[in-house]
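The data block below is target36.txt; it holds compact mmCIF, N, CA and C atoms.
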# COMPACT_ATOMS: atom_id res chain seq x y z
N MET A 1 44.42 29.27 -25.78
CA MET A 1 43.55 29.78 -26.81
C MET A 1 44.37 30.14 -28.03
N ASN A 2 43.75 30.06 -29.17
CA ASN A 2 44.42 30.38 -30.41
C ASN A 2 44.73 31.87 -30.47
N THR A 3 46.00 32.20 -30.43
CA THR A 3 46.41 33.60 -30.38
C THR A 3 46.13 34.32 -31.71
N GLU A 4 46.14 33.59 -32.81
CA GLU A 4 45.86 34.21 -34.10
C GLU A 4 44.40 34.68 -34.17
N ILE A 5 43.49 33.87 -33.68
CA ILE A 5 42.07 34.26 -33.65
C ILE A 5 41.89 35.45 -32.71
N GLN A 6 42.52 35.39 -31.54
CA GLN A 6 42.42 36.50 -30.58
C GLN A 6 42.98 37.78 -31.19
N LYS A 7 44.09 37.67 -31.88
CA LYS A 7 44.71 38.84 -32.51
C LYS A 7 43.77 39.45 -33.55
N LYS A 8 43.16 38.63 -34.37
CA LYS A 8 42.25 39.12 -35.40
C LYS A 8 40.99 39.72 -34.79
N LEU A 9 40.48 39.13 -33.70
CA LEU A 9 39.32 39.70 -33.02
C LEU A 9 39.66 41.06 -32.40
N ASN A 10 40.86 41.18 -31.84
CA ASN A 10 41.30 42.47 -31.29
C ASN A 10 41.41 43.52 -32.39
N GLU A 11 41.93 43.13 -33.56
CA GLU A 11 42.01 44.06 -34.69
C GLU A 11 40.61 44.50 -35.12
N LEU A 12 39.67 43.57 -35.14
CA LEU A 12 38.29 43.90 -35.49
C LEU A 12 37.69 44.85 -34.46
N ALA A 13 37.99 44.61 -33.19
CA ALA A 13 37.49 45.48 -32.12
C ALA A 13 38.03 46.91 -32.28
N ILE A 14 39.29 47.02 -32.63
CA ILE A 14 39.88 48.35 -32.83
C ILE A 14 39.25 49.05 -34.03
N LYS A 15 38.98 48.30 -35.11
CA LYS A 15 38.34 48.88 -36.29
C LYS A 15 36.94 49.40 -35.97
N ARG A 16 36.26 48.72 -35.06
CA ARG A 16 34.88 49.08 -34.75
C ARG A 16 34.74 50.08 -33.61
N SER A 17 35.85 50.57 -33.13
CA SER A 17 35.80 51.52 -32.02
C SER A 17 36.53 52.81 -32.40
N THR A 18 36.35 53.81 -31.56
CA THR A 18 37.00 55.10 -31.76
C THR A 18 37.74 55.48 -30.48
N PRO A 19 38.99 55.94 -30.59
CA PRO A 19 39.67 56.43 -29.39
C PRO A 19 38.84 57.53 -28.73
N PHE A 20 38.86 57.54 -27.39
CA PHE A 20 37.97 58.44 -26.65
C PHE A 20 38.71 58.99 -25.44
N CYS A 21 38.68 60.32 -25.30
CA CYS A 21 39.29 60.97 -24.13
C CYS A 21 38.21 61.12 -23.07
N TYR A 22 38.36 60.40 -21.99
CA TYR A 22 37.36 60.45 -20.93
C TYR A 22 37.44 61.78 -20.17
N HIS A 23 38.63 62.33 -20.08
CA HIS A 23 38.82 63.60 -19.36
C HIS A 23 38.02 64.72 -20.02
N ASP A 24 38.11 64.81 -21.34
CA ASP A 24 37.38 65.85 -22.07
C ASP A 24 36.06 65.33 -22.65
N TYR A 25 35.84 64.05 -22.52
CA TYR A 25 34.63 63.37 -22.97
C TYR A 25 34.33 63.64 -24.46
N ILE A 26 35.37 63.38 -25.27
CA ILE A 26 35.22 63.55 -26.72
C ILE A 26 35.91 62.40 -27.44
N GLU A 27 35.41 62.11 -28.64
CA GLU A 27 36.07 61.13 -29.50
C GLU A 27 37.33 61.76 -30.09
N CYS A 28 38.35 60.94 -30.23
CA CYS A 28 39.64 61.42 -30.74
C CYS A 28 40.12 60.47 -31.83
N PRO A 29 39.53 60.54 -33.01
CA PRO A 29 39.87 59.59 -34.07
C PRO A 29 41.33 59.62 -34.51
N ASP A 30 42.04 60.70 -34.22
CA ASP A 30 43.45 60.80 -34.59
C ASP A 30 44.38 60.12 -33.59
N GLY A 31 43.83 59.66 -32.44
CA GLY A 31 44.65 58.99 -31.44
C GLY A 31 45.27 59.92 -30.42
N ARG A 32 44.92 61.18 -30.46
CA ARG A 32 45.39 62.16 -29.49
C ARG A 32 44.26 63.15 -29.27
N CYS A 33 44.02 63.50 -28.01
CA CYS A 33 42.95 64.43 -27.69
C CYS A 33 43.31 65.83 -28.17
N PRO A 34 42.46 66.46 -28.97
CA PRO A 34 42.76 67.81 -29.46
C PRO A 34 42.70 68.88 -28.36
N LYS A 35 42.01 68.58 -27.26
CA LYS A 35 41.90 69.57 -26.18
C LYS A 35 43.05 69.48 -25.19
N CYS A 36 43.30 68.27 -24.65
CA CYS A 36 44.32 68.15 -23.60
C CYS A 36 45.63 67.54 -24.11
N GLY A 37 45.63 66.99 -25.32
CA GLY A 37 46.84 66.43 -25.90
C GLY A 37 47.16 65.02 -25.45
N SER A 38 46.31 64.41 -24.63
CA SER A 38 46.57 63.08 -24.10
C SER A 38 46.47 62.01 -25.19
N ASP A 39 47.36 61.02 -25.08
CA ASP A 39 47.24 59.85 -25.96
C ASP A 39 46.87 58.61 -25.14
N ASP A 40 46.54 58.81 -23.88
CA ASP A 40 46.09 57.74 -22.98
C ASP A 40 44.57 57.67 -23.10
N LEU A 41 44.12 57.07 -24.19
CA LEU A 41 42.71 57.12 -24.54
C LEU A 41 42.02 55.77 -24.36
N MET A 42 40.75 55.85 -24.01
CA MET A 42 39.89 54.68 -23.96
C MET A 42 39.43 54.38 -25.39
N LEU A 43 38.70 53.30 -25.54
CA LEU A 43 38.04 53.01 -26.81
C LEU A 43 36.55 53.14 -26.60
N SER A 44 35.87 53.72 -27.57
CA SER A 44 34.44 53.94 -27.48
C SER A 44 33.72 53.20 -28.60
N VAL A 45 32.60 52.60 -28.26
CA VAL A 45 31.71 51.99 -29.25
C VAL A 45 30.36 52.64 -29.02
N ARG A 46 29.87 53.34 -30.03
CA ARG A 46 28.59 54.06 -29.89
C ARG A 46 27.48 53.11 -29.49
N GLY A 47 26.73 53.55 -28.51
CA GLY A 47 25.60 52.77 -28.04
C GLY A 47 25.96 51.66 -27.08
N VAL A 48 27.25 51.46 -26.86
CA VAL A 48 27.70 50.38 -25.97
C VAL A 48 28.43 50.95 -24.77
N GLY A 49 29.43 51.80 -25.00
CA GLY A 49 30.17 52.41 -23.91
C GLY A 49 31.60 52.70 -24.27
N CYS A 50 32.39 53.00 -23.25
CA CYS A 50 33.81 53.23 -23.47
C CYS A 50 34.58 52.64 -22.29
N GLU A 51 35.77 52.15 -22.60
CA GLU A 51 36.60 51.49 -21.60
C GLU A 51 37.98 51.30 -22.21
N TYR A 52 38.95 51.01 -21.37
CA TYR A 52 40.28 50.67 -21.85
C TYR A 52 40.30 49.23 -22.35
N GLY A 53 41.17 48.95 -23.29
CA GLY A 53 41.34 47.59 -23.79
C GLY A 53 40.31 47.20 -24.83
N THR A 54 40.47 45.99 -25.36
CA THR A 54 39.58 45.51 -26.41
C THR A 54 38.74 44.31 -25.99
N ASP A 55 39.03 43.72 -24.84
CA ASP A 55 38.30 42.51 -24.43
C ASP A 55 36.80 42.74 -24.38
N TRP A 56 36.38 43.87 -23.86
CA TRP A 56 34.95 44.14 -23.74
C TRP A 56 34.29 44.33 -25.11
N ILE A 57 35.03 44.84 -26.08
CA ILE A 57 34.50 45.01 -27.43
C ILE A 57 34.38 43.65 -28.10
N VAL A 58 35.41 42.82 -27.95
CA VAL A 58 35.36 41.47 -28.50
C VAL A 58 34.16 40.72 -27.91
N GLU A 59 33.98 40.82 -26.60
CA GLU A 59 32.85 40.16 -25.94
C GLU A 59 31.53 40.66 -26.53
N HIS A 60 31.41 41.97 -26.72
CA HIS A 60 30.18 42.54 -27.29
C HIS A 60 29.96 42.03 -28.71
N ILE A 61 30.99 42.02 -29.51
CA ILE A 61 30.87 41.55 -30.90
C ILE A 61 30.41 40.10 -30.92
N LEU A 62 31.04 39.27 -30.12
CA LEU A 62 30.68 37.85 -30.11
C LEU A 62 29.25 37.64 -29.62
N GLN A 63 28.86 38.34 -28.56
CA GLN A 63 27.51 38.18 -28.02
C GLN A 63 26.43 38.64 -28.99
N THR A 64 26.71 39.65 -29.77
CA THR A 64 25.67 40.20 -30.64
C THR A 64 25.71 39.64 -32.06
N GLU A 65 26.83 39.06 -32.48
CA GLU A 65 26.94 38.66 -33.88
C GLU A 65 27.25 37.18 -34.13
N LEU A 66 27.54 36.45 -33.08
CA LEU A 66 27.91 35.04 -33.27
C LEU A 66 27.24 34.20 -32.20
N GLU A 67 26.71 33.08 -32.60
CA GLU A 67 26.01 32.19 -31.68
C GLU A 67 27.01 31.23 -31.03
N PRO A 68 27.02 31.16 -29.69
CA PRO A 68 27.90 30.19 -29.04
C PRO A 68 27.41 28.76 -29.30
N VAL A 69 28.30 27.83 -29.13
CA VAL A 69 27.97 26.41 -29.32
C VAL A 69 27.03 25.98 -28.20
N ASN A 70 25.96 25.28 -28.56
CA ASN A 70 25.10 24.64 -27.57
C ASN A 70 25.81 23.35 -27.18
N MET A 71 26.50 23.38 -26.06
CA MET A 71 27.35 22.26 -25.67
C MET A 71 26.56 20.98 -25.42
N ASP A 72 25.37 21.10 -24.85
CA ASP A 72 24.54 19.91 -24.61
C ASP A 72 24.18 19.24 -25.94
N ALA A 73 23.72 20.04 -26.89
CA ALA A 73 23.32 19.49 -28.19
C ALA A 73 24.52 18.93 -28.94
N ALA A 74 25.65 19.61 -28.88
CA ALA A 74 26.86 19.14 -29.58
C ALA A 74 27.35 17.83 -28.99
N PHE A 75 27.30 17.70 -27.67
CA PHE A 75 27.72 16.44 -27.04
C PHE A 75 26.77 15.31 -27.42
N GLU A 76 25.47 15.58 -27.39
CA GLU A 76 24.50 14.55 -27.80
C GLU A 76 24.74 14.12 -29.24
N GLU A 77 25.01 15.08 -30.11
CA GLU A 77 25.28 14.76 -31.51
C GLU A 77 26.51 13.86 -31.65
N MET A 78 27.55 14.16 -30.89
CA MET A 78 28.75 13.33 -30.92
C MET A 78 28.45 11.92 -30.44
N ILE A 79 27.66 11.79 -29.38
CA ILE A 79 27.30 10.47 -28.86
C ILE A 79 26.46 9.71 -29.89
N ARG A 80 25.53 10.40 -30.54
CA ARG A 80 24.69 9.74 -31.57
C ARG A 80 25.54 9.24 -32.74
N GLU A 81 26.63 9.92 -33.04
CA GLU A 81 27.52 9.47 -34.11
C GLU A 81 28.32 8.23 -33.71
N CYS A 82 28.54 8.07 -32.40
CA CYS A 82 29.39 6.98 -31.91
C CYS A 82 28.62 5.72 -31.53
N TYR A 83 27.38 5.86 -31.16
CA TYR A 83 26.60 4.74 -30.65
C TYR A 83 25.31 4.58 -31.43
N PRO A 84 24.71 3.37 -31.40
CA PRO A 84 23.44 3.17 -32.11
C PRO A 84 22.36 4.10 -31.56
N GLU A 85 21.40 4.42 -32.40
CA GLU A 85 20.32 5.33 -32.00
C GLU A 85 19.46 4.74 -30.90
N THR A 86 19.26 3.43 -30.96
CA THR A 86 18.44 2.78 -29.94
C THR A 86 19.24 1.70 -29.23
N THR A 87 18.79 1.41 -28.00
CA THR A 87 19.41 0.38 -27.17
C THR A 87 18.29 -0.56 -26.72
N THR A 88 18.55 -1.84 -26.79
CA THR A 88 17.56 -2.82 -26.36
C THR A 88 17.81 -3.19 -24.91
N VAL A 89 16.79 -3.03 -24.12
CA VAL A 89 16.83 -3.43 -22.71
C VAL A 89 15.65 -4.39 -22.54
N GLY A 90 16.00 -5.67 -22.40
CA GLY A 90 14.94 -6.68 -22.34
C GLY A 90 14.17 -6.66 -23.65
N TRP A 91 12.90 -6.43 -23.59
CA TRP A 91 12.06 -6.37 -24.78
C TRP A 91 11.79 -4.95 -25.26
N LEU A 92 12.39 -3.98 -24.57
CA LEU A 92 12.18 -2.58 -24.91
C LEU A 92 13.31 -2.05 -25.80
N GLU A 93 12.93 -1.26 -26.78
CA GLU A 93 13.93 -0.56 -27.57
C GLU A 93 13.84 0.91 -27.20
N LEU A 94 14.92 1.43 -26.61
CA LEU A 94 14.92 2.78 -26.05
C LEU A 94 15.97 3.66 -26.73
N ASP A 95 15.73 4.95 -26.69
CA ASP A 95 16.68 5.92 -27.20
C ASP A 95 17.95 5.86 -26.35
N THR A 96 19.08 5.63 -26.98
CA THR A 96 20.36 5.47 -26.27
C THR A 96 20.69 6.68 -25.42
N ILE A 97 20.50 7.87 -25.96
CA ILE A 97 20.81 9.09 -25.22
C ILE A 97 19.95 9.18 -23.97
N SER A 98 18.67 8.92 -24.10
CA SER A 98 17.77 8.98 -22.94
C SER A 98 18.18 7.98 -21.87
N VAL A 99 18.54 6.77 -22.28
CA VAL A 99 18.97 5.75 -21.32
C VAL A 99 20.21 6.22 -20.57
N LEU A 100 21.20 6.71 -21.31
CA LEU A 100 22.44 7.16 -20.67
C LEU A 100 22.19 8.31 -19.70
N LYS A 101 21.41 9.30 -20.13
CA LYS A 101 21.15 10.46 -19.28
C LYS A 101 20.35 10.11 -18.03
N GLU A 102 19.34 9.27 -18.19
CA GLU A 102 18.44 8.98 -17.08
C GLU A 102 18.99 7.91 -16.13
N MET A 103 19.73 6.96 -16.66
CA MET A 103 20.22 5.88 -15.80
C MET A 103 21.44 6.30 -14.99
N ASP A 104 22.26 7.17 -15.53
CA ASP A 104 23.44 7.62 -14.78
C ASP A 104 23.78 9.07 -15.15
N PRO A 105 23.00 10.01 -14.61
CA PRO A 105 23.22 11.42 -14.97
C PRO A 105 24.60 11.94 -14.56
N ILE A 106 25.16 11.41 -13.50
CA ILE A 106 26.50 11.86 -13.07
C ILE A 106 27.54 11.43 -14.10
N SER A 107 27.45 10.20 -14.55
CA SER A 107 28.37 9.71 -15.57
C SER A 107 28.22 10.52 -16.86
N TRP A 108 26.98 10.84 -17.21
CA TRP A 108 26.71 11.64 -18.41
C TRP A 108 27.41 13.00 -18.31
N ARG A 109 27.24 13.67 -17.17
CA ARG A 109 27.85 15.00 -16.98
C ARG A 109 29.38 14.91 -16.97
N CYS A 110 29.92 13.84 -16.36
CA CYS A 110 31.38 13.67 -16.35
C CYS A 110 31.91 13.44 -17.77
N ALA A 111 31.20 12.61 -18.54
CA ALA A 111 31.62 12.35 -19.92
C ALA A 111 31.54 13.63 -20.75
N GLN A 112 30.49 14.43 -20.54
CA GLN A 112 30.36 15.68 -21.28
C GLN A 112 31.47 16.65 -20.89
N ALA A 113 31.79 16.73 -19.61
CA ALA A 113 32.87 17.61 -19.15
C ALA A 113 34.21 17.19 -19.75
N ASP A 114 34.46 15.87 -19.80
CA ASP A 114 35.69 15.37 -20.41
C ASP A 114 35.74 15.72 -21.90
N TRP A 115 34.61 15.55 -22.59
CA TRP A 115 34.54 15.86 -24.01
C TRP A 115 34.79 17.36 -24.24
N GLU A 116 34.15 18.21 -23.43
CA GLU A 116 34.34 19.66 -23.55
C GLU A 116 35.80 20.03 -23.34
N SER A 117 36.42 19.41 -22.34
CA SER A 117 37.82 19.68 -22.05
C SER A 117 38.71 19.26 -23.23
N GLN A 118 38.42 18.12 -23.80
CA GLN A 118 39.19 17.63 -24.95
C GLN A 118 39.02 18.55 -26.15
N GLU A 119 37.78 18.96 -26.42
CA GLU A 119 37.51 19.85 -27.55
C GLU A 119 38.22 21.20 -27.35
N ALA A 120 38.19 21.71 -26.12
CA ALA A 120 38.86 22.97 -25.82
C ALA A 120 40.38 22.82 -25.95
N GLY A 121 40.90 21.70 -25.46
CA GLY A 121 42.34 21.45 -25.56
C GLY A 121 42.81 21.34 -26.99
N ASP A 122 41.96 20.78 -27.85
CA ASP A 122 42.28 20.66 -29.27
C ASP A 122 41.94 21.94 -30.04
N GLU A 123 41.44 22.94 -29.32
CA GLU A 123 41.03 24.23 -29.88
C GLU A 123 39.97 24.11 -30.96
N GLN A 124 39.09 23.11 -30.82
CA GLN A 124 37.93 23.00 -31.70
C GLN A 124 36.82 23.93 -31.23
N ILE A 125 36.82 24.19 -29.93
CA ILE A 125 35.93 25.19 -29.34
C ILE A 125 36.81 26.15 -28.54
N ILE A 126 36.43 27.42 -28.53
CA ILE A 126 37.25 28.45 -27.88
C ILE A 126 36.36 29.31 -27.01
N SER A 127 36.82 29.57 -25.79
CA SER A 127 36.08 30.42 -24.85
C SER A 127 36.85 31.71 -24.61
N PHE A 128 36.11 32.79 -24.49
CA PHE A 128 36.70 34.08 -24.18
C PHE A 128 36.27 34.55 -22.80
N ASP A 129 35.50 33.70 -22.10
CA ASP A 129 35.00 34.06 -20.78
C ASP A 129 35.20 32.92 -19.77
N ASN A 130 36.36 32.29 -19.86
CA ASN A 130 36.75 31.23 -18.93
C ASN A 130 35.78 30.06 -18.89
N GLY A 131 35.22 29.70 -20.02
CA GLY A 131 34.40 28.51 -20.12
C GLY A 131 32.92 28.70 -19.90
N SER A 132 32.45 29.92 -19.73
CA SER A 132 31.01 30.13 -19.59
C SER A 132 30.29 29.87 -20.91
N SER A 133 30.94 30.23 -22.00
CA SER A 133 30.39 29.94 -23.33
C SER A 133 31.56 29.62 -24.26
N TYR A 134 31.26 28.80 -25.25
CA TYR A 134 32.27 28.40 -26.22
C TYR A 134 31.79 28.72 -27.63
N TYR A 135 32.76 29.02 -28.48
CA TYR A 135 32.48 29.26 -29.88
C TYR A 135 33.26 28.25 -30.70
N SER A 136 32.66 27.78 -31.76
CA SER A 136 33.32 26.84 -32.66
C SER A 136 34.47 27.55 -33.37
N ARG A 137 35.60 26.89 -33.41
CA ARG A 137 36.76 27.46 -34.11
C ARG A 137 36.41 27.76 -35.56
N LYS A 138 35.71 26.83 -36.18
CA LYS A 138 35.31 27.00 -37.58
C LYS A 138 34.42 28.23 -37.74
N ASP A 139 33.43 28.38 -36.85
CA ASP A 139 32.54 29.54 -36.91
C ASP A 139 33.31 30.84 -36.71
N LEU A 140 34.25 30.84 -35.76
CA LEU A 140 35.06 32.03 -35.51
C LEU A 140 35.90 32.40 -36.73
N GLU A 141 36.53 31.41 -37.33
CA GLU A 141 37.37 31.67 -38.50
C GLU A 141 36.54 32.21 -39.66
N GLU A 142 35.35 31.65 -39.88
CA GLU A 142 34.46 32.13 -40.94
C GLU A 142 33.97 33.55 -40.64
N PHE A 143 33.63 33.79 -39.38
CA PHE A 143 33.18 35.11 -38.94
C PHE A 143 34.25 36.16 -39.19
N ILE A 144 35.48 35.87 -38.78
CA ILE A 144 36.60 36.79 -38.96
C ILE A 144 36.89 37.02 -40.43
N GLU A 145 36.90 35.93 -41.20
CA GLU A 145 37.19 36.01 -42.64
C GLU A 145 36.18 36.91 -43.34
N ALA A 146 34.91 36.82 -42.96
CA ALA A 146 33.87 37.61 -43.61
C ALA A 146 33.97 39.09 -43.26
N ARG A 147 34.68 39.42 -42.18
CA ARG A 147 34.74 40.82 -41.72
C ARG A 147 36.10 41.47 -41.93
N THR A 148 37.03 40.76 -42.52
CA THR A 148 38.35 41.36 -42.76
C THR A 148 38.64 41.47 -44.24
What would the structure in this file look like if it were written as structure tokens?
Amino acid sequence: MNTEIQKKLNELAIKRSTPFCYHDYIECPDGRCPKCGSDDLMLSVRGVGCEYGTDWIVEHILQTELEPVNMDAAFEEMIRECYPETTTVGWLELDTISVLKEMDPISWRCAQADWESQEAGDEQIISFDNGSSYYSRKDLEEFIEART
């Protein structure tokens, strides 16, 4: 994964959270608990929760503010760019995508999985949840740029 994007998302997560002492259950914006003196603080996001680390904040930000890529639609769009819109079978003119999907669904899924893997390897799409959802690199960069 692109470490620069991850770094900027972590910085955004820190900006949007407040250090929180779970022991005394208070926000500690100075980075040290005024009651117990601890600097071993969680991060709190109002209305969401508190926890150690920034991964959960990044996940929350992405889920609420950025739309993941619809991988099925993106793959279909790529196929439509590469192949003619219609395919002639005998005297019938059929939608190429429909023919491919219906005639060999296993091949279709394998081709889509290969395409997803290639896009992820080229970092055109990026996942923060081990491939359950992907975000466009371009969308992420624009999102980060608009918030920094």
Could you please determine the separation between atom N of His60 in chain A and CA of Val48 in chain A in Å, to one decimal place?
-> 9.2 Å
Lys35 in chain A surroundings by all atoms listed in the file, 8 Å radius, close-in-sequence under 3 positions cut, as a count of residues only | 3
DSSP says strand (DSSP E) for which residues of chain A? Put them as a ChimeraX atom specification?
-> /A:18-21,26-27,42-45,49-51,86-89,92-95,125-126,135-136
Contacts of range 107-123 of chain A at 8 Å (all atoms listed in the file; same-chain gap of 4+ positions) as JSON, numbers by chain = {"A": [1, 2, 71, 72, 75, 76, 100, 101, 102, 103, 127, 135, 136, 137, 138]}
Show me, as JSON, the centre and edge lengths in Å to one decimal of the axis-aligned box that covers every listed atom of range 78-92 of chain A with 6 Å on each side.
{"center_x": 20.6, "center_y": 3.7, "center_z": -28.2, "size_x": 29.6, "size_y": 32.8, "size_z": 23.8}
Skipping near chain neighbours, those fewer than 2 positions away, what residues fall within 5 Å of range 7-17 of chain A using all atoms listed in the file, listed as a ChimeraX atom specification?
-> /A:3-5,19,44-45
What is the distance between CA of Cys33 in chain A and CA of Gly49 in chain A, in Å to one decimal?
-> 17.9 Å
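Between Gly131 in chain A and the residues A:Glu81, A:Asp55, A:Pro68, A:Asp39, the shortest atom-to-atom distance, using only C-alpha atoms, involves A:Pro68.
One distance worth recording is that between CA of Gln63 in chain A and CA of Ile126 in chain A, which is 13.8 Å.
Near Pro84 in chain A, within 8 Å and counting only N, CA and C atoms, sit Asp95, Thr96 and Ile97 of chain A; same-chain residues fewer than 6 positions away were not included.
In this comparison, which uses only N, CA and C atoms, the residue of A:Ala74, A:Leu94, A:Glu141, A:Asp129 approaching Glu59 in chain A most closely is A:Asp129.
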Select from chain A everything DSSP, run on the backbone, classes as alpha helix (DSSP H), then give the selection as a PyMOL selection string.
-> chain A and resi 3-15+55-65+71-82+96-103+105-121+137-147
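Residues in contact range of Thr18 in chain A, defined as at most 6.5 Å between all atoms listed in the file, with sequence neighbours fewer than 6 positions away removed, read Glu27, Cys28, Pro29, Met42, Leu43, Ser44 and Val45 of chain A.
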